[in-house]
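To be precise, the following lines are coords.cif, and they hold mmCIF, N, CA and C atoms.
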data_final
loop_
_atom_site.label_atom_id
_atom_site.label_comp_id
_atom_site.auth_asym_id
_atom_site.auth_seq_id
_atom_site.Cartn_x
_atom_site.Cartn_y
_atom_site.Cartn_z
N MET A 1 -7.67 -14.78 -29.26
CA MET A 1 -6.77 -13.66 -29.34
C MET A 1 -6.92 -13.00 -30.71
N VAL A 2 -7.10 -11.70 -30.71
CA VAL A 2 -7.26 -10.94 -31.95
C VAL A 2 -6.09 -9.98 -32.08
N SER A 3 -5.39 -10.04 -33.21
CA SER A 3 -4.28 -9.11 -33.41
C SER A 3 -4.83 -7.72 -33.69
N LYS A 4 -3.94 -6.72 -33.63
CA LYS A 4 -4.36 -5.35 -33.87
C LYS A 4 -4.98 -5.20 -35.26
N SER A 5 -4.34 -5.79 -36.28
CA SER A 5 -4.87 -5.65 -37.65
C SER A 5 -6.21 -6.35 -37.79
N GLN A 6 -6.36 -7.50 -37.14
CA GLN A 6 -7.64 -8.21 -37.21
C GLN A 6 -8.72 -7.39 -36.53
N GLY A 7 -8.40 -6.80 -35.40
CA GLY A 7 -9.37 -5.97 -34.70
C GLY A 7 -9.76 -4.76 -35.52
N GLN A 8 -8.79 -4.15 -36.20
CA GLN A 8 -9.08 -2.99 -37.04
C GLN A 8 -9.98 -3.38 -38.21
N ASN A 9 -9.76 -4.56 -38.78
CA ASN A 9 -10.61 -5.03 -39.87
C ASN A 9 -12.06 -5.11 -39.42
N LYS A 10 -12.26 -5.69 -38.25
CA LYS A 10 -13.63 -5.88 -37.75
C LYS A 10 -14.28 -4.55 -37.39
N ILE A 11 -13.51 -3.62 -36.84
CA ILE A 11 -14.06 -2.30 -36.51
C ILE A 11 -14.48 -1.58 -37.78
N ALA A 12 -13.62 -1.60 -38.80
CA ALA A 12 -13.94 -0.95 -40.08
C ALA A 12 -15.17 -1.60 -40.70
N PHE A 13 -15.26 -2.90 -40.61
CA PHE A 13 -16.39 -3.65 -41.15
C PHE A 13 -17.70 -3.19 -40.50
N LYS A 14 -17.69 -3.06 -39.18
CA LYS A 14 -18.90 -2.64 -38.45
C LYS A 14 -19.25 -1.18 -38.73
N LYS A 15 -18.23 -0.31 -38.74
CA LYS A 15 -18.47 1.12 -38.93
C LYS A 15 -19.12 1.41 -40.28
N ARG A 16 -18.74 0.67 -41.28
CA ARG A 16 -19.26 0.94 -42.62
C ARG A 16 -20.65 0.34 -42.83
N GLY A 17 -21.15 -0.43 -41.89
CA GLY A 17 -22.49 -0.99 -41.99
C GLY A 17 -22.66 -1.93 -43.16
N LEU A 18 -21.63 -2.70 -43.46
CA LEU A 18 -21.67 -3.58 -44.63
C LEU A 18 -22.74 -4.65 -44.52
N VAL A 19 -22.94 -5.18 -43.33
CA VAL A 19 -23.93 -6.25 -43.17
C VAL A 19 -25.33 -5.72 -43.49
N GLN A 20 -25.64 -4.53 -43.00
CA GLN A 20 -26.95 -3.95 -43.25
C GLN A 20 -27.19 -3.69 -44.74
N LYS A 21 -26.10 -3.51 -45.49
CA LYS A 21 -26.19 -3.29 -46.94
C LYS A 21 -26.11 -4.61 -47.71
N ASN A 22 -26.13 -5.73 -46.98
CA ASN A 22 -26.03 -7.07 -47.57
C ASN A 22 -24.73 -7.27 -48.36
N ILE A 23 -23.66 -6.68 -47.83
CA ILE A 23 -22.33 -6.84 -48.43
C ILE A 23 -21.51 -7.71 -47.49
N ARG A 24 -20.98 -8.80 -48.04
CA ARG A 24 -20.13 -9.68 -47.23
C ARG A 24 -18.68 -9.26 -47.40
N ALA A 25 -17.93 -9.33 -46.30
CA ALA A 25 -16.50 -9.04 -46.34
C ALA A 25 -15.79 -10.03 -45.44
N ASN A 26 -14.86 -10.76 -46.00
CA ASN A 26 -14.05 -11.71 -45.25
C ASN A 26 -12.60 -11.36 -45.50
N PHE A 27 -11.75 -11.66 -44.54
CA PHE A 27 -10.35 -11.26 -44.60
C PHE A 27 -9.47 -12.50 -44.75
N VAL A 28 -8.58 -12.47 -45.73
CA VAL A 28 -7.68 -13.58 -46.01
C VAL A 28 -6.27 -13.18 -45.57
N HIS A 29 -5.67 -14.01 -44.72
CA HIS A 29 -4.32 -13.76 -44.22
C HIS A 29 -3.43 -14.94 -44.63
N PRO A 30 -2.78 -14.84 -45.79
CA PRO A 30 -1.93 -15.94 -46.23
C PRO A 30 -0.57 -15.90 -45.54
N GLY A 31 0.02 -17.07 -45.43
CA GLY A 31 1.40 -17.18 -44.96
C GLY A 31 2.32 -17.08 -46.17
N PHE A 32 3.41 -17.83 -46.12
CA PHE A 32 4.36 -17.82 -47.23
C PHE A 32 3.80 -18.58 -48.42
N ILE A 33 3.93 -17.98 -49.59
CA ILE A 33 3.41 -18.57 -50.83
C ILE A 33 4.57 -18.77 -51.79
N LYS A 34 4.56 -19.91 -52.47
CA LYS A 34 5.61 -20.22 -53.43
C LYS A 34 5.47 -19.31 -54.65
N THR A 35 6.40 -18.39 -54.78
CA THR A 35 6.45 -17.45 -55.90
C THR A 35 7.90 -17.27 -56.31
N PRO A 36 8.16 -16.66 -57.45
CA PRO A 36 9.55 -16.37 -57.81
C PRO A 36 10.26 -15.53 -56.75
N MET A 37 9.53 -14.62 -56.10
CA MET A 37 10.14 -13.79 -55.07
C MET A 37 10.59 -14.61 -53.86
N THR A 38 9.76 -15.54 -53.40
CA THR A 38 10.16 -16.34 -52.24
C THR A 38 11.27 -17.31 -52.60
N ALA A 39 11.29 -17.79 -53.85
CA ALA A 39 12.38 -18.65 -54.29
C ALA A 39 13.69 -17.87 -54.32
N ALA A 40 13.65 -16.62 -54.77
CA ALA A 40 14.85 -15.78 -54.82
C ALA A 40 15.35 -15.50 -53.41
N ALA A 41 14.44 -15.26 -52.47
CA ALA A 41 14.84 -14.98 -51.09
C ALA A 41 15.54 -16.19 -50.49
N LYS A 42 15.04 -17.38 -50.77
CA LYS A 42 15.66 -18.60 -50.26
C LYS A 42 17.05 -18.78 -50.86
N ASN A 43 17.17 -18.50 -52.15
CA ASN A 43 18.45 -18.64 -52.83
C ASN A 43 19.47 -17.61 -52.37
N GLU A 44 19.01 -16.49 -51.86
CA GLU A 44 19.91 -15.44 -51.39
C GLU A 44 20.31 -15.63 -49.93
N GLY A 45 20.00 -16.78 -49.36
CA GLY A 45 20.43 -17.09 -48.00
C GLY A 45 19.56 -16.50 -46.90
N CYS A 46 18.32 -16.21 -47.20
CA CYS A 46 17.43 -15.65 -46.18
C CYS A 46 16.85 -16.73 -45.28
N GLY A 47 17.31 -17.93 -45.40
CA GLY A 47 16.83 -19.00 -44.56
C GLY A 47 15.61 -19.69 -45.15
N SER A 48 15.28 -20.79 -44.53
CA SER A 48 14.14 -21.56 -45.01
C SER A 48 12.91 -21.23 -44.19
N ALA A 49 11.94 -20.62 -44.82
CA ALA A 49 10.69 -20.29 -44.14
C ALA A 49 9.93 -21.55 -43.77
N THR A 50 10.20 -22.63 -44.46
CA THR A 50 9.42 -23.86 -44.24
C THR A 50 9.70 -24.52 -42.91
N GLN A 51 10.80 -24.21 -42.26
CA GLN A 51 11.11 -24.87 -40.99
C GLN A 51 10.13 -24.52 -39.89
N ASN A 52 9.41 -23.42 -40.03
CA ASN A 52 8.43 -23.00 -39.02
C ASN A 52 6.98 -23.28 -39.44
N ILE A 53 6.80 -24.05 -40.51
CA ILE A 53 5.46 -24.34 -41.01
C ILE A 53 5.14 -25.80 -40.69
N PRO A 54 4.21 -26.05 -39.77
CA PRO A 54 3.91 -27.43 -39.38
C PRO A 54 3.52 -28.35 -40.54
N LEU A 55 2.80 -27.82 -41.53
CA LEU A 55 2.43 -28.66 -42.67
C LEU A 55 3.58 -28.79 -43.67
N GLY A 56 4.64 -28.03 -43.48
CA GLY A 56 5.82 -28.11 -44.34
C GLY A 56 5.57 -27.48 -45.70
N GLY A 57 6.58 -26.89 -46.23
CA GLY A 57 6.49 -26.31 -47.56
C GLY A 57 5.72 -25.00 -47.59
N LEU A 58 5.84 -24.35 -48.73
CA LEU A 58 5.12 -23.10 -48.94
C LEU A 58 3.80 -23.40 -49.62
N ALA A 59 2.84 -22.50 -49.46
CA ALA A 59 1.55 -22.66 -50.13
C ALA A 59 1.72 -22.44 -51.63
N GLU A 60 0.95 -23.15 -52.39
CA GLU A 60 0.87 -22.90 -53.82
C GLU A 60 -0.15 -21.79 -54.04
N THR A 61 0.03 -21.01 -55.08
CA THR A 61 -0.90 -19.90 -55.32
C THR A 61 -2.33 -20.40 -55.49
N PHE A 62 -2.52 -21.57 -56.09
CA PHE A 62 -3.88 -22.07 -56.30
C PHE A 62 -4.59 -22.35 -54.98
N GLU A 63 -3.83 -22.65 -53.92
CA GLU A 63 -4.46 -22.92 -52.63
C GLU A 63 -5.10 -21.65 -52.05
N VAL A 64 -4.42 -20.54 -52.19
CA VAL A 64 -4.99 -19.27 -51.74
C VAL A 64 -6.11 -18.86 -52.68
N ASN A 65 -5.90 -19.04 -53.99
CA ASN A 65 -6.94 -18.71 -54.97
C ASN A 65 -8.23 -19.46 -54.67
N ASN A 66 -8.12 -20.74 -54.33
CA ASN A 66 -9.32 -21.54 -54.05
C ASN A 66 -10.10 -20.98 -52.86
N LEU A 67 -9.39 -20.52 -51.84
CA LEU A 67 -10.06 -19.93 -50.69
C LEU A 67 -10.80 -18.64 -51.10
N VAL A 68 -10.14 -17.80 -51.87
CA VAL A 68 -10.76 -16.54 -52.30
C VAL A 68 -11.97 -16.81 -53.18
N ILE A 69 -11.85 -17.77 -54.09
CA ILE A 69 -12.98 -18.13 -54.96
C ILE A 69 -14.15 -18.63 -54.12
N PHE A 70 -13.86 -19.46 -53.13
CA PHE A 70 -14.92 -19.95 -52.23
C PHE A 70 -15.60 -18.78 -51.52
N LEU A 71 -14.82 -17.86 -50.98
CA LEU A 71 -15.39 -16.73 -50.24
C LEU A 71 -16.22 -15.82 -51.14
N ALA A 72 -15.88 -15.75 -52.41
CA ALA A 72 -16.62 -14.91 -53.36
C ALA A 72 -17.86 -15.61 -53.91
N SER A 73 -17.97 -16.90 -53.67
CA SER A 73 -19.06 -17.68 -54.26
C SER A 73 -20.29 -17.71 -53.35
N ASP A 74 -21.38 -18.23 -53.91
CA ASP A 74 -22.60 -18.42 -53.13
C ASP A 74 -22.45 -19.53 -52.09
N GLU A 75 -21.43 -20.36 -52.24
CA GLU A 75 -21.19 -21.43 -51.27
C GLU A 75 -20.89 -20.88 -49.88
N SER A 76 -20.40 -19.65 -49.82
CA SER A 76 -20.08 -19.03 -48.53
C SER A 76 -21.05 -17.90 -48.20
N SER A 77 -22.27 -18.01 -48.68
CA SER A 77 -23.24 -16.91 -48.58
C SER A 77 -23.57 -16.52 -47.14
N TYR A 78 -23.30 -17.36 -46.16
CA TYR A 78 -23.61 -17.05 -44.77
C TYR A 78 -22.36 -16.68 -43.97
N MET A 79 -21.24 -16.51 -44.67
CA MET A 79 -19.99 -16.13 -44.01
C MET A 79 -19.73 -14.66 -44.26
N THR A 80 -19.48 -13.93 -43.20
CA THR A 80 -19.09 -12.53 -43.34
C THR A 80 -18.36 -12.09 -42.08
N GLY A 81 -17.38 -11.22 -42.26
CA GLY A 81 -16.62 -10.71 -41.14
C GLY A 81 -15.63 -11.70 -40.56
N THR A 82 -15.27 -12.73 -41.33
CA THR A 82 -14.38 -13.76 -40.80
C THR A 82 -12.92 -13.47 -41.15
N GLU A 83 -12.03 -14.00 -40.34
CA GLU A 83 -10.59 -13.93 -40.56
C GLU A 83 -10.14 -15.32 -40.99
N GLN A 84 -9.69 -15.46 -42.22
CA GLN A 84 -9.26 -16.75 -42.75
C GLN A 84 -7.73 -16.81 -42.82
N LEU A 85 -7.14 -17.62 -41.97
CA LEU A 85 -5.69 -17.82 -42.00
C LEU A 85 -5.39 -19.00 -42.89
N ILE A 86 -4.48 -18.83 -43.84
CA ILE A 86 -4.07 -19.92 -44.70
C ILE A 86 -2.54 -19.91 -44.71
N ASP A 87 -1.99 -20.51 -43.64
CA ASP A 87 -0.56 -20.39 -43.40
C ASP A 87 0.13 -21.70 -43.02
N GLY A 88 -0.51 -22.80 -43.31
CA GLY A 88 0.11 -24.10 -43.03
C GLY A 88 0.27 -24.40 -41.55
N GLY A 89 -0.42 -23.66 -40.69
CA GLY A 89 -0.35 -23.92 -39.25
C GLY A 89 0.64 -23.05 -38.51
N MET A 90 1.23 -22.06 -39.17
CA MET A 90 2.21 -21.20 -38.49
C MET A 90 1.62 -20.51 -37.26
N ASN A 91 0.34 -20.18 -37.30
CA ASN A 91 -0.29 -19.45 -36.21
C ASN A 91 -0.50 -20.30 -34.95
N ILE A 92 -0.35 -21.60 -35.04
CA ILE A 92 -0.58 -22.44 -33.85
C ILE A 92 0.67 -22.71 -33.05
N GLN A 93 1.78 -22.19 -33.52
CA GLN A 93 3.04 -22.43 -32.80
C GLN A 93 3.24 -21.45 -31.67
#
Step by step, read the file and then write its structure as structure tokens.
Amino acid sequence: MVSKSQGQNKIAFKKRGLVQKNIRANFVHPGFIKTPMTAAAKNEGCGSATQNIPLGGLAETFEVNNLVIFLASDESSYMTGTEQLIDGGMNIQ
């Protein structure tokens, strides 16, 4: 199943001919991340976002950073046009 935004990403990717220009583009879709803003939302009674996250808890910023660094590195040189979900399993519910 591809969401509308995911489908639009792939269409834009193909239209621009990025692969033919040897340009890699991967899409990162993070879930809730532990930041001062999410802490403030929890303190203001917006509920606990963690109850719907199978792995529990919010992501740390370094976890998303590590994914982006990997995608920008030569270690992922054969990856392009991918949708990377980093949401603690929220998408499988």
Checklist entry - Of the candidates A:Gly31, A:Ala59, A:Gly17, A:Gln84, which shows the shortest atom-to-atom distance to Leu71 in chain A, using only C-alpha atoms? => result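 Answer, going by the shortest atom-to-atom distance: A:Gln84.
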Checklist entry - Please, what distance in Å, to one decimal, runs between atom N of Gly81 in chain A and CA of Arg24 in chain A? => result 5.9 Å
Item to check | Selected residue of minimal separation from Phe62 in chain A among A:Lys34, A:Lys21, A:Asp87, A:Ala40, counting only C-alpha atoms | outcome: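 Result for the nearest residue to Phe62 in chain A: A:Lys34.
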Checklist entry - How many Å separate CA of Thr38 in chain A from CA of Ile69 in chain A? => result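 So the answer is 23.4 Å.
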Next on the checklist: Report, in Å to a single decimal, how far apart CA of Leu85 in chain A and CA of Pro54 in chain A are.
Outcome noted: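 Computing it gives 13.8 Å between the two atoms.
Proximity of A:Ser73, A:Asn65, A:Asn91, A:Thr82 to Val28 in chain A, computed with only N, CA and C atoms, is greatest for A:Thr82.
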Next on the checklist: Let me make sure I understand: among A:Ile86, A:Gln93, A:Gly57, A:Ala72, which one has the smallest atom-to-atom distance to Ile23 in chain A if we use only C-alpha atoms?
Outcome noted: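 Once distances to Ile23 in chain A are computed over only C-alpha atoms, the minimum belongs to A:Ala72.
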Given the PyMOL selection byres (((chain A and resi 52 and name CA) around 12) and name CA), the residues it picks as a PDB file with N, CA and C atoms, keeping the file's coordinate frame:
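Result file is selection_39.pdb:
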ATOM      1  N   GLY A  31       0.020 -17.070 -45.430  1.00  0.00           N
ATOM      2  CA  GLY A  31       1.400 -17.180 -44.960  1.00  0.00           C
ATOM      3  C   GLY A  31       2.320 -17.080 -46.170  1.00  0.00           C
ATOM      4  N   PHE A  32       3.410 -17.830 -46.120  1.00  0.00           N
ATOM      5  CA  PHE A  32       4.360 -17.820 -47.230  1.00  0.00           C
ATOM      6  C   PHE A  32       3.800 -18.580 -48.420  1.00  0.00           C
ATOM      7  N   GLY A  47      17.310 -17.930 -45.400  1.00  0.00           N
ATOM      8  CA  GLY A  47      16.830 -19.000 -44.560  1.00  0.00           C
ATOM      9  C   GLY A  47      15.610 -19.690 -45.150  1.00  0.00           C
ATOM     10  N   SER A  48      15.280 -20.790 -44.530  1.00  0.00           N
ATOM     11  CA  SER A  48      14.140 -21.560 -45.010  1.00  0.00           C
ATOM     12  C   SER A  48      12.910 -21.230 -44.190  1.00  0.00           C
ATOM     13  N   ALA A  49      11.940 -20.620 -44.820  1.00  0.00           N
ATOM     14  CA  ALA A  49      10.690 -20.290 -44.140  1.00  0.00           C
ATOM     15  C   ALA A  49       9.930 -21.550 -43.770  1.00  0.00           C
ATOM     16  N   THR A  50      10.200 -22.630 -44.460  1.00  0.00           N
ATOM     17  CA  THR A  50       9.420 -23.860 -44.240  1.00  0.00           C
ATOM     18  C   THR A  50       9.700 -24.520 -42.910  1.00  0.00           C
ATOM     19  N   GLN A  51      10.800 -24.210 -42.260  1.00  0.00           N
ATOM     20  CA  GLN A  51      11.110 -24.870 -40.990  1.00  0.00           C
ATOM     21  C   GLN A  51      10.130 -24.520 -39.890  1.00  0.00           C
ATOM     22  N   ILE A  53       6.800 -24.050 -40.510  1.00  0.00           N
ATOM     23  CA  ILE A  53       5.460 -24.340 -41.010  1.00  0.00           C
ATOM     24  C   ILE A  53       5.140 -25.800 -40.690  1.00  0.00           C
ATOM     25  N   PRO A  54       4.210 -26.050 -39.770  1.00  0.00           N
ATOM     26  CA  PRO A  54       3.910 -27.430 -39.380  1.00  0.00           C
ATOM     27  C   PRO A  54       3.520 -28.350 -40.540  1.00  0.00           C
ATOM     28  N   LEU A  55       2.800 -27.820 -41.530  1.00  0.00           N
ATOM     29  CA  LEU A  55       2.430 -28.660 -42.670  1.00  0.00           C
ATOM     30  C   LEU A  55       3.580 -28.790 -43.670  1.00  0.00           C
ATOM     31  N   GLY A  56       4.640 -28.030 -43.480  1.00  0.00           N
ATOM     32  CA  GLY A  56       5.820 -28.110 -44.340  1.00  0.00           C
ATOM     33  C   GLY A  56       5.570 -27.480 -45.700  1.00  0.00           C
ATOM     34  N   GLY A  57       6.580 -26.890 -46.230  1.00  0.00           N
ATOM     35  CA  GLY A  57       6.490 -26.310 -47.560  1.00  0.00           C
ATOM     36  C   GLY A  57       5.720 -25.000 -47.590  1.00  0.00           C
ATOM     37  N   LEU A  58       5.840 -24.350 -48.730  1.00  0.00           N
ATOM     38  CA  LEU A  58       5.120 -23.100 -48.940  1.00  0.00           C
ATOM     39  C   LEU A  58       3.800 -23.400 -49.620  1.00  0.00           C
ATOM     40  N   ASP A  87      -1.990 -20.510 -43.640  1.00  0.00           N
ATOM     41  CA  ASP A  87      -0.560 -20.390 -43.400  1.00  0.00           C
ATOM     42  C   ASP A  87       0.130 -21.700 -43.020  1.00  0.00           C
ATOM     43  N   GLY A  88      -0.510 -22.800 -43.310  1.00  0.00           N
ATOM     44  CA  GLY A  88       0.110 -24.100 -43.030  1.00  0.00           C
ATOM     45  C   GLY A  88       0.270 -24.400 -41.550  1.00  0.00           C
ATOM     46  N   GLY A  89      -0.420 -23.660 -40.690  1.00  0.00           N
ATOM     47  CA  GLY A  89      -0.350 -23.920 -39.250  1.00  0.00           C
ATOM     48  C   GLY A  89       0.640 -23.050 -38.510  1.00  0.00           C
ATOM     49  N   MET A  90       1.230 -22.060 -39.170  1.00  0.00           N
ATOM     50  CA  MET A  90       2.210 -21.200 -38.490  1.00  0.00           C
ATOM     51  C   MET A  90       1.620 -20.510 -37.260  1.00  0.00           C
ATOM     52  N   ASN A  91       0.340 -20.180 -37.300  1.00  0.00           N
ATOM     53  CA  ASN A  91      -0.290 -19.450 -36.210  1.00  0.00           C
ATOM     54  C   ASN A  91      -0.500 -20.300 -34.950  1.00  0.00           C
ATOM     55  N   ILE A  92      -0.350 -21.600 -35.040  1.00  0.00           N
ATOM     56  CA  ILE A  92      -0.580 -22.440 -33.850  1.00  0.00           C
ATOM     57  C   ILE A  92       0.670 -22.710 -33.050  1.00  0.00           C
ATOM     58  N   GLN A  93       1.780 -22.190 -33.520  1.00  0.00           N
ATOM     59  CA  GLN A  93       3.040 -22.430 -32.800  1.00  0.00           C
ATOM     60  C   GLN A  93       3.240 -21.450 -31.670  1.00  0.00           C
TER      61      GLN A  93
END
